[in-house]
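Visitor: Pasting data-v6.cif below, which is mmCIF, C-alpha atoms and all ligand atoms.
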data_data
#
loop_
_atom_site.label_atom_id
_atom_site.label_comp_id
_atom_site.auth_asym_id
_atom_site.auth_seq_id
_atom_site.Cartn_x
_atom_site.Cartn_y
_atom_site.Cartn_z
CA MET A 324 200.78 -83.11 177.52
CA ALA A 325 201.68 -83.58 173.88
CA ARG A 326 199.16 -81.86 171.63
CA PHE A 327 200.03 -83.64 168.39
CA ARG A 328 203.38 -85.43 168.31
CA ILE A 329 204.76 -87.87 165.78
CA ASN A 330 207.16 -90.49 167.20
CA ILE A 331 209.30 -92.41 164.73
CA LEU A 332 209.88 -95.99 165.90
CA GLY A 333 211.04 -97.44 162.58
CA CYS A 334 211.75 -95.91 159.17
CA GLY A 335 213.61 -98.59 157.23
CA SER A 336 212.23 -100.70 154.39
CA ALA A 337 211.64 -104.45 154.14
CA THR A 338 215.18 -105.81 153.89
CA PRO A 339 216.63 -105.69 157.39
CA SER A 340 219.51 -103.31 158.00
CA LEU A 341 221.51 -102.47 161.09
CA ARG A 342 220.70 -98.79 160.66
CA HIS A 343 216.93 -98.75 160.69
CA LEU A 344 213.93 -100.68 161.99
CA PRO A 345 210.88 -101.57 159.89
CA SER A 346 207.96 -99.16 159.56
CA CYS A 347 206.31 -98.05 162.78
CA GLN A 348 205.15 -94.72 164.14
CA VAL A 349 203.15 -93.61 167.14
CA VAL A 350 201.06 -90.47 166.95
CA ASP A 351 200.48 -88.92 170.36
CA PHE A 352 197.33 -86.84 170.15
CA ARG A 353 196.60 -85.24 173.53
CA ASP A 354 198.07 -88.28 175.32
CA ASN A 355 196.09 -90.78 173.24
CA LEU A 356 198.51 -92.99 171.33
CA MET A 357 197.77 -94.29 167.84
CA MET A 358 200.21 -96.53 166.01
CA ILE A 359 200.66 -96.45 162.25
CA ASP A 360 202.11 -99.70 160.93
CA CYS A 361 203.67 -102.21 163.25
CA GLY A 362 207.06 -103.46 162.09
CA GLU A 363 208.99 -106.02 164.11
CA GLY A 364 210.19 -104.86 167.51
CA ALA A 365 207.45 -102.24 167.93
CA GLN A 366 206.98 -103.06 171.62
CA LEU A 367 210.70 -102.60 172.35
CA SER A 368 210.77 -99.28 170.55
CA MET A 369 207.72 -98.12 172.49
CA ARG A 370 209.48 -98.88 175.75
CA LYS A 371 212.67 -97.15 174.60
CA MET A 372 210.70 -94.03 173.69
CA LYS A 373 208.73 -94.18 176.95
CA LEU A 374 205.41 -94.52 175.15
CA LYS A 375 202.92 -96.16 177.48
CA PHE A 376 201.08 -99.31 176.39
CA SER A 377 198.17 -98.21 178.57
CA ARG A 378 197.57 -95.23 176.26
CA LEU A 379 197.72 -97.13 172.96
CA ASN A 380 194.19 -97.76 171.66
CA HIS A 381 194.40 -97.77 167.86
CA ILE A 382 196.71 -99.43 165.34
CA PHE A 383 196.36 -98.51 161.66
CA ILE A 384 197.88 -100.85 159.08
CA SER A 385 198.72 -99.33 155.68
CA HIS A 386 199.12 -102.62 153.80
CA LEU A 387 199.88 -106.28 154.29
CA HIS A 388 203.61 -106.49 153.70
CA GLY A 389 205.60 -108.10 156.50
CA ASP A 390 207.68 -105.04 157.34
CA HIS A 391 204.47 -103.18 158.20
CA VAL A 392 202.65 -105.86 160.23
CA LEU A 393 205.00 -108.49 161.65
CA GLY A 394 205.39 -106.61 164.93
CA LEU A 395 201.72 -107.09 165.80
CA PRO A 396 201.84 -110.50 167.57
CA GLY A 397 204.75 -109.41 169.73
CA LEU A 398 203.28 -106.03 170.60
CA LEU A 399 199.84 -107.44 171.38
CA SER A 400 201.34 -110.20 173.56
CA THR A 401 203.61 -107.81 175.42
CA MET A 402 200.75 -105.44 176.16
CA SER A 403 198.78 -108.32 177.64
CA LEU A 404 201.74 -109.39 179.78
CA HIS A 405 201.85 -105.81 181.05
CA GLY A 406 198.19 -106.10 182.07
CA LYS A 407 196.92 -103.45 179.70
CA THR A 408 193.21 -102.77 180.06
CA GLY A 409 190.62 -101.08 177.84
CA THR A 410 190.40 -101.59 174.10
CA VAL A 411 192.86 -101.94 171.23
CA THR A 412 191.37 -101.55 167.76
CA ILE A 413 193.30 -102.76 164.74
CA HIS A 414 192.27 -101.07 161.51
CA THR A 415 193.17 -103.19 158.51
CA PHE A 416 191.80 -104.63 155.26
CA ARG A 417 189.52 -107.68 155.30
CA GLU A 418 192.49 -109.85 154.22
CA GLY A 419 194.43 -108.49 157.17
CA ILE A 420 191.72 -109.57 159.58
CA GLU A 421 191.47 -113.01 157.95
CA LEU A 422 195.22 -113.46 158.07
CA LEU A 423 196.20 -111.85 161.36
CA LYS A 424 193.27 -112.57 163.67
CA PRO A 425 193.81 -116.38 163.87
CA LEU A 426 197.54 -115.84 164.41
CA VAL A 427 196.99 -113.30 167.17
CA ASP A 428 194.20 -115.39 168.76
CA PHE A 429 196.57 -118.36 168.86
CA LEU A 430 199.67 -116.53 170.10
CA CYS A 431 197.97 -114.06 172.40
CA HIS A 432 195.25 -116.14 174.01
CA GLU A 433 192.75 -114.20 176.18
CA PRO A 434 194.53 -110.85 176.27
CA SER A 435 194.09 -108.59 179.30
CA TYR A 436 192.32 -106.01 177.11
CA GLU A 437 189.57 -106.13 174.52
CA LEU A 438 190.92 -106.61 171.01
CA VAL A 439 188.75 -105.22 168.20
CA TRP A 440 189.30 -105.74 164.46
CA HIS A 441 187.96 -102.96 162.27
CA GLU A 442 187.83 -103.51 158.52
CA ILE A 443 188.95 -100.65 156.31
CA SER A 444 188.64 -100.40 152.55
CA PRO A 445 191.59 -100.16 150.12
CA SER A 446 189.62 -97.43 148.38
CA GLY A 447 189.77 -95.30 151.54
CA GLY A 448 187.22 -93.44 153.65
CA THR A 449 186.84 -92.31 157.24
CA VAL A 450 188.50 -94.78 159.59
CA LEU A 451 188.06 -93.11 162.97
CA GLU A 452 186.18 -90.07 164.15
CA THR A 453 186.46 -88.62 167.64
CA PRO A 454 185.18 -85.21 168.80
CA SER A 455 188.65 -83.74 168.26
CA LEU A 456 190.31 -85.82 165.53
CA THR A 457 189.41 -87.53 162.26
CA VAL A 458 191.49 -90.28 160.68
CA ALA A 459 190.81 -90.94 157.01
CA ALA A 460 192.38 -93.45 154.65
CA PHE A 461 193.12 -92.78 150.98
CA PRO A 462 194.52 -95.08 148.27
CA LEU A 463 198.23 -95.44 147.65
CA TYR A 464 199.79 -97.03 144.58
CA HIS A 465 201.89 -100.04 145.58
CA ARG A 466 202.32 -103.68 144.47
CA VAL A 467 199.48 -104.72 146.78
CA PRO A 468 196.46 -102.72 148.00
CA ALA A 469 197.72 -99.96 150.30
CA VAL A 470 196.34 -96.84 151.94
CA GLY A 471 197.79 -93.70 153.44
CA PHE A 472 196.32 -92.07 156.52
CA LEU A 473 195.37 -88.46 157.07
CA MET A 474 194.87 -87.34 160.66
CA ARG A 475 193.23 -83.99 161.05
CA GLU A 476 192.05 -82.08 164.08
CA THR A 477 188.36 -81.28 163.80
CA GLU A 478 187.33 -77.68 163.40
CA LYS A 479 187.70 -75.77 166.63
CA PRO A 480 185.33 -73.14 168.04
CA ARG A 481 186.15 -69.45 167.58
CA HIS A 482 187.53 -67.63 170.62
CA ILE A 483 184.98 -65.53 172.50
CA LYS A 484 185.93 -61.91 173.25
CA GLY A 485 184.68 -61.87 176.84
CA ASP A 486 184.37 -58.07 177.16
CA MET A 487 182.39 -57.72 173.91
CA VAL A 488 180.04 -60.58 174.73
CA GLU A 489 179.35 -58.99 178.08
CA PHE A 490 178.92 -55.53 176.57
CA HIS A 491 176.32 -56.78 174.07
CA GLN A 492 174.66 -58.97 176.71
CA VAL A 493 174.83 -62.17 174.67
CA PRO A 494 172.83 -64.83 176.54
CA VAL A 495 174.52 -68.14 177.41
CA SER A 496 172.00 -69.95 175.18
CA ARG A 497 173.47 -68.19 172.08
CA MET A 498 177.10 -68.85 172.96
CA ALA A 499 177.50 -72.14 171.05
CA ALA A 500 176.18 -70.54 167.86
CA ILE A 501 178.44 -67.51 168.32
CA LYS A 502 181.48 -69.81 168.78
CA ALA A 503 180.45 -71.55 165.54
CA GLY A 504 180.49 -68.20 163.68
CA ALA A 505 176.91 -66.87 163.92
CA ASP A 506 176.12 -63.16 164.25
CA PHE A 507 174.16 -61.99 167.29
CA VAL A 508 170.79 -60.32 166.77
CA LYS A 509 169.80 -58.13 169.70
CA PRO A 510 166.15 -58.04 170.89
CA ASP A 511 165.78 -54.64 169.13
CA GLY A 512 166.91 -56.19 165.82
CA THR A 513 170.46 -54.77 165.80
CA VAL A 514 172.90 -57.24 164.27
CA ILE A 515 176.29 -57.59 165.96
CA PRO A 516 178.68 -59.23 163.45
CA ASN A 517 180.46 -62.32 164.69
CA ALA A 518 183.88 -60.71 164.07
CA MET A 519 183.10 -58.19 166.86
CA LEU A 520 182.37 -60.98 169.33
CA THR A 521 185.01 -63.56 168.49
CA SER A 522 188.55 -64.00 167.21
CA ASP A 523 189.83 -66.75 164.92
CA ALA A 524 189.87 -70.33 166.15
CA ASP A 525 193.20 -72.12 166.56
CA PRO A 526 194.27 -73.71 163.29
CA CYS A 527 193.45 -77.39 162.74
CA VAL A 528 196.67 -79.33 162.51
CA SER A 529 197.02 -82.32 160.19
CA TYR A 530 199.41 -85.17 159.53
CA ALA A 531 199.62 -87.55 156.58
CA TYR A 532 201.37 -90.90 156.30
CA CYS A 533 202.17 -92.25 152.83
CA SER A 534 204.05 -95.54 152.73
CA ASP A 535 204.38 -97.60 150.57
CA THR A 536 203.65 -96.03 147.21
CA THR A 537 204.88 -94.98 143.82
CA TYR A 538 204.44 -91.34 142.82
CA ASN A 539 200.88 -90.49 141.80
CA PRO A 540 199.41 -86.96 141.61
CA LYS A 541 196.24 -88.21 143.31
CA ILE A 542 198.19 -88.48 146.56
CA ALA A 543 198.89 -84.73 146.63
CA ALA A 544 195.19 -84.11 146.09
CA ALA A 545 194.34 -86.41 149.00
CA VAL A 546 196.63 -84.60 151.45
CA ARG A 547 196.28 -81.02 150.20
CA GLY A 548 197.40 -78.41 152.72
CA VAL A 549 198.70 -80.95 155.23
CA ASP A 550 201.03 -79.64 157.92
CA LEU A 551 203.41 -82.59 157.98
CA LEU A 552 203.68 -85.21 155.25
CA TYR A 553 205.55 -88.43 155.98
CA HIS A 554 206.32 -89.93 152.60
CA GLU A 555 208.32 -92.96 151.71
CA ALA A 556 211.62 -92.24 149.94
CA THR A 557 212.92 -95.75 149.52
CA TYR A 558 215.38 -94.76 146.78
CA ILE A 559 217.42 -91.87 145.39
CA ASP A 560 217.19 -90.63 141.79
CA ALA A 561 219.98 -92.92 140.53
CA ASP A 562 217.86 -95.91 141.54
CA ALA A 563 214.54 -94.58 140.24
CA HIS A 564 214.11 -97.66 138.03
CA LYS A 565 214.15 -99.87 141.16
CA ALA A 566 211.56 -97.63 142.81
CA HIS A 567 209.23 -97.93 139.84
CA GLU A 568 209.72 -101.69 139.47
CA ARG A 569 209.00 -102.30 143.13
CA GLY A 570 206.11 -99.92 143.75
CA HIS A 571 208.13 -97.35 145.66
CA ALA A 572 209.10 -93.68 145.39
CA THR A 573 212.34 -91.72 145.27
CA ALA A 574 213.08 -88.83 147.62
CA SER A 575 212.53 -86.42 144.68
CA GLU A 576 209.10 -87.90 144.05
CA ALA A 577 208.21 -87.55 147.74
CA ALA A 578 209.26 -83.89 147.49
CA ARG A 579 207.21 -83.41 144.35
CA THR A 580 204.14 -84.73 146.16
CA ALA A 581 204.81 -82.40 149.12
CA LEU A 582 205.17 -79.45 146.75
CA GLU A 583 202.03 -80.28 144.79
CA ALA A 584 200.09 -80.82 148.03
CA GLY A 585 201.18 -77.46 149.48
CA ALA A 586 202.43 -79.31 152.56
CA ARG A 587 204.17 -77.29 155.25
CA GLN A 588 206.89 -79.86 155.98
CA LEU A 589 208.05 -83.18 154.52
CA LEU A 590 209.47 -86.10 156.45
CA LEU A 591 211.25 -88.81 154.47
CA GLY A 592 211.46 -92.47 155.47
CA HIS A 593 211.24 -96.14 154.47
CA TYR A 594 214.84 -96.12 153.25
CA SER A 595 216.30 -99.02 151.31
CA LYS A 596 219.17 -100.77 153.05
CA SER A 597 221.42 -99.97 150.05
CA TYR A 598 222.51 -96.56 151.37
CA GLU A 599 225.03 -95.67 154.05
CA ASP A 600 223.06 -92.62 155.12
CA GLU A 601 220.21 -90.38 153.98
CA SER A 602 222.29 -87.39 152.84
CA ARG A 603 221.48 -87.91 149.15
CA HIS A 604 217.79 -88.47 149.88
CA LEU A 605 217.75 -85.17 151.77
CA ALA A 606 219.70 -83.22 149.14
CA GLU A 607 217.52 -84.45 146.28
CA ALA A 608 214.28 -83.77 148.15
CA ARG A 609 215.38 -80.33 149.40
CA ALA A 610 216.22 -79.25 145.84
CA ILE A 611 212.48 -79.52 145.16
CA PHE A 612 210.95 -78.98 148.61
CA PRO A 613 213.38 -77.21 151.00
CA ASN A 614 211.46 -77.83 154.23
CA THR A 615 212.34 -81.54 154.32
CA LEU A 616 213.62 -83.68 157.19
CA ALA A 617 214.88 -87.26 157.17
CA ALA A 618 213.19 -89.51 159.70
CA ASN A 619 215.27 -91.52 162.13
CA GLU A 620 214.42 -93.92 164.93
CA GLY A 621 213.76 -92.07 168.18
CA MET A 622 212.85 -88.82 166.41
CA THR A 623 209.82 -86.85 167.59
CA ILE A 624 208.12 -83.97 165.81
CA ASP A 625 205.55 -81.71 167.45
CA LEU A 626 202.91 -80.28 165.16
CA LEU A 627 201.88 -76.87 166.39
ZN ZN B 1 205.22 -102.60 151.00
#
Show me the file's structure as structure tokens.
Guide:
Amino acid sequence: MARFRINILGCGSATPSLRHLPSCQVVDFRDNLMMIDCGEGAQLSMRKMKLKFSRLNHIFISHLHGDHVLGLPGLLSTMSLHGKTGTVTIHTFREGIELLKPLVDFLCHEPSYELVWHEISPSGGTVLETPSLTVAAFPLYHRVPAVGFLMRETEKPRHIKGDMVEFHQVPVSRMAAIKAGADFVKPDGTVIPNAMLTSDADPCVSYAYCSDTTYNPKIAAAVRGVDLLYHEATYIDADAHKAHERGHATASEAARTALEAGARQLLLGHYSKSYEDESRHLAEARAIFPNTLAANEGMTIDLL
């Protein structure tokens, strides 16, 4: 079972190229699949990467540019043809619901699963909360309203030291509080500090998706301490003027955000079709933030 795996289905930008597909990722969190952006051909890429339609229940849309949403009708139709059951929730802005719902209703009549449209705000906020994971949106700075997504495991309980708990005769009724960090007070008033009864909880892993956006220091603040930051790097430094005109970032600016955020690792993507490869993106980003990778279709990254 994947604990927290990022699958890259598409990491090109809007103008089609033969090297990359438009934006699409699938986050596999304990075998629950969540898609971020849905560029054209998403359903084919899912099949290629052996990602099961039956496990896909959430689709998060960062903004309403075609290269981030045009895969939706095809994906939703294909899943119905495959007899998918359960629920699929699409998280998008109000305009996205107004625009996409009639199209999907027309093209994908009576799907085999329940389709739910959930409105999110361009100013951000909590989008999804499960007992083990929270997905929050935060504003990006693009030509149209856009949000990034931060997925973070919820705080985990501390590990119980079985022998110590037994030795101090901690009753079962106190165990939840002890796991949450409470001290144990014995019937005679003796206080057993929590550190004697437990060890540290597993760290909470987090992932942030930032595409499309220009550089803005508020992004680093929104994703502070993130384990893996996917950040658009549409251009290299020599084309910085194009990035700024078009509401995009350079690889150096992505690296600057990763550095300012104290991210553990940076993953570049959303490349313009103007480049033959991503070697310059990587070199420019690594000069600022060494722990940088360049995304590619078919790539998977496990967050541990
Ligand atoms: Zn865009």
Visitor: Could you make a table, as a tab-separated table, of the residues of chain A that have an atom within 9 Å of an atom of ligand ZN 1 (chain B), each with its nearest atom pair and distance in Å to one decimal, counting only C-alpha atoms and all ligand atoms, in chain and number order?
Guide:
residue	atom	partner	partner_atom	distance
A:Ser336	CA	B:ZN1	ZN	8.0
A:Ala337	CA	B:ZN1	ZN	7.4
A:Ser385	CA	B:ZN1	ZN	8.7
A:His386	CA	B:ZN1	ZN	6.7
A:Leu387	CA	B:ZN1	ZN	7.3
A:His388	CA	B:ZN1	ZN	5.0
A:Gly389	CA	B:ZN1	ZN	7.8
A:Asp390	CA	B:ZN1	ZN	7.2
A:His391	CA	B:ZN1	ZN	7.3
A:His465	CA	B:ZN1	ZN	6.9
A:Arg466	CA	B:ZN1	ZN	7.2
A:Val467	CA	B:ZN1	ZN	7.4
A:Ala469	CA	B:ZN1	ZN	8.0
A:Ser534	CA	B:ZN1	ZN	7.4
A:Asp535	CA	B:ZN1	ZN	5.1
A:Thr536	CA	B:ZN1	ZN	7.7
A:Arg569	CA	B:ZN1	ZN	8.7
A:Gly570	CA	B:ZN1	ZN	7.8
A:His571	CA	B:ZN1	ZN	8.0
Visitor: Please compute the CA of Leu426 (chain A)-CA of Ile413 (chain A) distance, one decimal, in Å.
Guide: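 Interatomic distance here is 13.8 Å.
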Visitor: Give me, please, the distance in Å between CA of Ala586 (chain A) and CA of Thr453 (chain A), quoted to one decimal.
Guide: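 Going from CA of Ala586 (chain A) over to CA of Thr453 (chain A) covers 23.9 Å.
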Visitor: Please, what distance in Å, to one decimal, runs between CA of Ser340 (chain A) and CA of Leu395 (chain A)?
Guide: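 A separation of 19.8 Å between them.
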Visitor: Using all atoms listed in the file, find each residue of region 455-545 of chain A with at least one atom at most 6 Å away from an atom of region 433-447 of chain A; report its shortest atom-to-atom pair and that distance in Å (one decimal), sort the rows by chain and rising residue number, and return the result as a Markdown table.
Guide:
| residue | atom | partner | partner_atom | distance |
| --- | --- | --- | --- | --- |
| A:Ala460 | CA | A:Gly447 | CA | 4.5 |
| A:Phe461 | CA | A:Gly447 | CA | 4.2 |
| A:Pro462 | CA | A:Ser446 | CA | 5.4 |
| A:Pro468 | CA | A:Pro445 | CA | 5.9 |
Visitor: Using all atoms listed in the file, determine which residues lie at most 12 Å from Arg326 (chain A), disregarding the query and same-chain residues fewer than 5 positions distant; provide the list as a ChimeraX atom specification.
Guide: /A:350-356,455-456,476,527-529,624-627
Visitor: For Val458 (chain A), please output as a VMD selection string all residues within 10 Å (counting all atoms listed in the file; exclusion window: fewer than 3 positions along the same chain).
Guide: chain A and resid 383 448 to 453 472 to 476 529 to 531
Visitor: Between A:Gln366, A:Asn380, A:Thr410, A:Thr338, which residue has the minimum interatomic distance to Leu398 (chain A), considering only C-alpha atoms?
Guide: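 Smallest separation from Leu398 (chain A) among the options: A:Gln366.
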Visitor: With all atoms of region 462-480 of chain A from the file as input, state the centre and edge lengths in Å to one decimal of the axis-aligned box that has 4 Å extra on each side, as lines of an AutoDock Vina configuration file.
Guide:
center_x = 193.8
center_y = -88.9
center_z = 156.3
size_x = 25.0
size_y = 39.6
size_z = 31.6
Visitor: May I ask which of the residues A:Glu478, A:Asp428, A:Glu583, A:Asp360 is the closest one to Thr415 (chain A), counting only C-alpha atoms?
Guide: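 Of all the options, A:Asp360 lies closest to Thr415 (chain A).
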